[in-house]
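So the structure is just underneath, and the comments pick up after that.
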Amino acid sequence: MDTIRRWAASFLTFWSSLKLWQRASIFLAIFVVLAGLGAMIFMTGTTSYEPLYAGLEVSDQAAIVDYLKENNIPYKLDPKASAILMPGGAVYETRLALAQLGLPKGGTKGFELFDESNMGMSEFQQRVAYMRAIEGELARTIAQMAQVENARVSVVIPEQRLFLEQQKPSTASVLLRLRQGATLGPTQVKSIIHLVAHSVDGLQPDAVTVVDTNGRILSDMVSDSMIMYNPDGTNTVTSVQRELERQHERELENKVRVMLEQVFGPGSAVVRVRIDLDFDKRTSSYVEYTPNPETGTGVPRSSERQEENYTGQGNPVTGNPGTTTNIPGYAINSNPVQSEYSRSGNTTNYEITTRKGDQVVTPGGVKRLSASVLIDDKYSDITEERLEALQEVIASSIGFNKDRGDTLVVRAMRFSTAFADAMADQLRQDRMWRIIYGSIAAFFVLMLVLIALYVWVRMKRARLAVQEIEAEGRKVPTIQEMLTSPDLLAFQGEMAVLEEQLKAYAKSHPDEIATLVNEWLSMDS
């Protein structure tokens with residue numbers, strides 16, 4: 001009991017020594033702890049609901065709700081997210097059970113259309129069911145992408161024709177509904193196109209069109225005529241292309257600046273480069289007919305030679321063509337003459353020497369380059385000859401081409417250091433104030449530690465003094481002892497000290513105590 005009294009007296013002494021804001025802080029901390037414990041107890045006592053599925057179609061929601069009702073599983077509906085909520089402990093088990101039933105189906109049916117065979121289906125109905133199954137399977141597969149919330153695929157497979165020139169190609173279109181804040185890049189769109197093209201017989205990737213619900217033609221992002229692709233399919237320069245140009249510019253600027261700083265020192269050169277890249281893709285074909293450079297003619301392909309000779313007397317076949325020479329019975333000149341006839345000919349066919357070629361200009365080439373270089377002329381010792389030499393070195397390092405229309409300007413000027421000096425002064429002031437603030441904070445922390453250590457030493461000494469008193473047979477401290485050790489009064493308690501002093505006085509002066517008690521009794525009577 002005495003121990004409890006001593007602790008109570010110590011607490012009251014400690015509490016009376018606190019200021020008002022310290023007491024309020026203690027009450028606030030106790031309130032926060034109790035509120036946190038109450039919230040934890042409340043949360044553990046309530047059932048937490050987790051989403052079973054979200055973004056479901058109406059048909060899938062109805063089927064899943066029917067299953068939950070049949071199995072008496074509690075659930076909640078979230079119309080905003082088209083989600084079904086249920087207690088968190090049974091979410092994964094319920095998903096496995098629904099997966100065995102083929103739920104959710106995603107609003108489309110795949111090859112399960114053929115699970116129930118219909119013997120009365122015509123050939124046309126079978127073709128339509130097969131196309132529906134392919135479309136459903138592709139839509140489900142595309143919807144598995146992280147950026148895609150829902151997908152719809154339409155495939156057109158024309159009838160087979162007897163002749164290939166009459167056969168029409170297969171086509172497909174994909175409609176995507178993206179998730180909130182999600183976007184598709186060229187790589188993702190290309191993967192969707194190839195997935196659809198390789199899933200349908202006779203379908204080429206260029207015959208697949210991908211569109212989102214905002215009306216943007218995403219399939220134009222993978223056009224071969226562009227190195228970078230715009231989301232809207234236009235042929236204008238995109239921010240990504242601008243970033244490519246800026247990246248190339250930074251590389252050249254850093255290359256030239258590092259080279260100049262090794263000569264003139266750090267911070268002594270400013271380099272700015274402007275690059276225009278050509279993002280158009282051009283293809284050209286040419287055919288050249290050239291003779292053999294050695295002979296000046298082509299290569300002989302074929303040669304034909306003709307030769308006729310007639311010498312001696314006789315009646316050679318002469319005369320002009322016509323009736324007198326070709327119709328019998330007509331009189332002709334039959335007098336023998338001496339004549340000589342000769343005829344020769346030579347025909348040579350040459351192969352034409354040709355050269356064919358295709359030239360493809362890939363996107364990303366440099367169309368035009370402009371560069372400006374400023375050098376800090378601290379001591380005014382950079383001459384024109386030195387500037388010309390520097391210009392030649394810089395032009396070689398950045399790939400300067402005068403025929404392309406590039407420009408390069410190199411100038412020497414005196415740089416101003418006022419801003420750099422002001423920034424250095426500001427940094428020094430900030431560093432000094434940080435040191436001052438840190439020193440003040442460290443001083444206060446040290447004072448708090450010293451105060452705490454002083455209080456602990458006082459309490460320790462008082463506790464040792466009390467233990468010594470108890471060891472001496474609970475000796476009552478005298479007035480002199482309490483004046484020299486005021487902590488004894490705090491640990492003993494005022495009432496306990498007065499009680500002990502009265503007991504000691506009664507033992508030493510029993511007559512006076514008896515007289516005092518008699519006087520009290522006589523006063524009461």
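Every chain in the structure tokens has a letter given in the order shown (A, B, ...), and although residue numbers restart at 1 in each chain, ligands are simply numbered from 1 in the order shown.
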
Requested in this report: Write out as a PyMOL selection string all residues of region 134-219 of chain A that backbone DSSP assigns to alpha helix (DSSP H).
Outcome: chain A and resi 134-143+186-197

Distance query region 372-378 of chain A at most 7 Å, only C-alpha atoms, self and fewer than 6 positions along chain excluded, as a short mmCIF file (atom, residue, chain, number, x, y, z; two decimals) with C-alpha atoms, in the first residue's frame:
```cif
data_model
loop_
_atom_site.label_atom_id
_atom_site.label_comp_id
_atom_site.auth_asym_id
_atom_site.auth_seq_id
_atom_site.Cartn_x
_atom_site.Cartn_y
_atom_site.Cartn_z
CA SER A 268 34.29 27.92 -71.70
CA ALA A 269 32.15 26.83 -74.67
CA VAL A 270 28.45 27.01 -75.56
CA VAL A 271 27.21 24.76 -78.37
CA ARG A 272 23.76 24.77 -79.97
CA VAL A 273 22.78 22.43 -82.80
CA LEU A 408 28.13 26.50 -89.00
CA VAL A 409 29.02 29.65 -87.07
CA VAL A 410 31.97 29.83 -84.62
CA ARG A 411 32.56 33.05 -82.65
CA ALA A 412 34.76 34.07 -79.70
CA MET A 413 33.18 36.33 -77.05
CA ARG A 414 33.76 37.29 -73.44
CA PHE A 415 31.42 35.35 -71.13
#
```

**Report entry** Long-range neighbours of region 184-188 of chain A as a count of residues only, 6 Å cut-off, only C-alpha atoms, 3 positions minimum in chain
**Finding:** 3

Requested in this report: Just the residues within 12 Å of Phe14 (chain A), please, counting only C-alpha atoms, with nothing from its chain fewer than 3 positions along; format it as an NGL selection string.
Outcome: :A and (7-11 or 17-19 or 22-23 or 455 or 459 or 490-491)

Can I get the selection written as a CSV table (one decimal), in the first residue's frame, with C-alpha atoms?
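New file selection07.csv:
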```csv
chain,number,residue,atom,x,y,z
A,7,TRP,CA,4.0,6.1,-6.8
A,8,ALA,CA,0.8,8.2,-6.7
A,9,ALA,CA,2.6,11.0,-5.0
A,10,SER,CA,5.4,10.8,-7.5
A,11,PHE,CA,2.9,10.9,-10.4
A,17,SER,CA,5.3,20.1,-12.9
A,18,LEU,CA,4.0,19.8,-16.5
A,19,LYS,CA,2.8,22.8,-18.5
A,22,GLN,CA,2.3,19.2,-22.3
A,23,ARG,CA,-0.8,17.9,-20.5
A,455,VAL,CA,16.0,14.6,-13.7
A,459,MET,CA,15.1,10.7,-9.0
A,490,ALA,CA,8.2,14.0,-2.8
A,491,PHE,CA,8.8,10.2,-2.4
```

Neighbouring residues of Glu50 (chain A) were defined as those with any atom within 9 Å, considering only C-alpha atoms; residues of the same chain fewer than 5 positions away were excluded. Please report them as a compact mmCIF listing (two decimals) with C-alpha atoms, in the first residue's frame.
```txt
# COMPACT_ATOMS: atom_id res chain seq x y z
CA ILE A 84 -19.46 -7.93 -58.26
CA LEU A 85 -18.16 -7.74 -54.67
CA MET A 86 -18.06 -10.59 -52.17
CA PRO A 87 -16.26 -11.45 -48.89
CA GLY A 88 -12.52 -11.56 -49.41
CA GLY A 89 -11.94 -15.00 -47.91
CA VAL A 91 -12.92 -14.81 -53.72
```

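Across A:Gly267, A:Lys460, A:Leu68, A:Ile157, the tightest approach to Thr417 (chain A) is made by A:Gly267 when counting only C-alpha atoms.
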
**Report entry** Interatomic distance, CA of Glu519 (chain A) to CA of Ala506 (chain A) (Å, one decimal)
**Finding:**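 Interatomic distance, CA of Glu519 (chain A) to CA of Ala506 (chain A): 15.7 Å.
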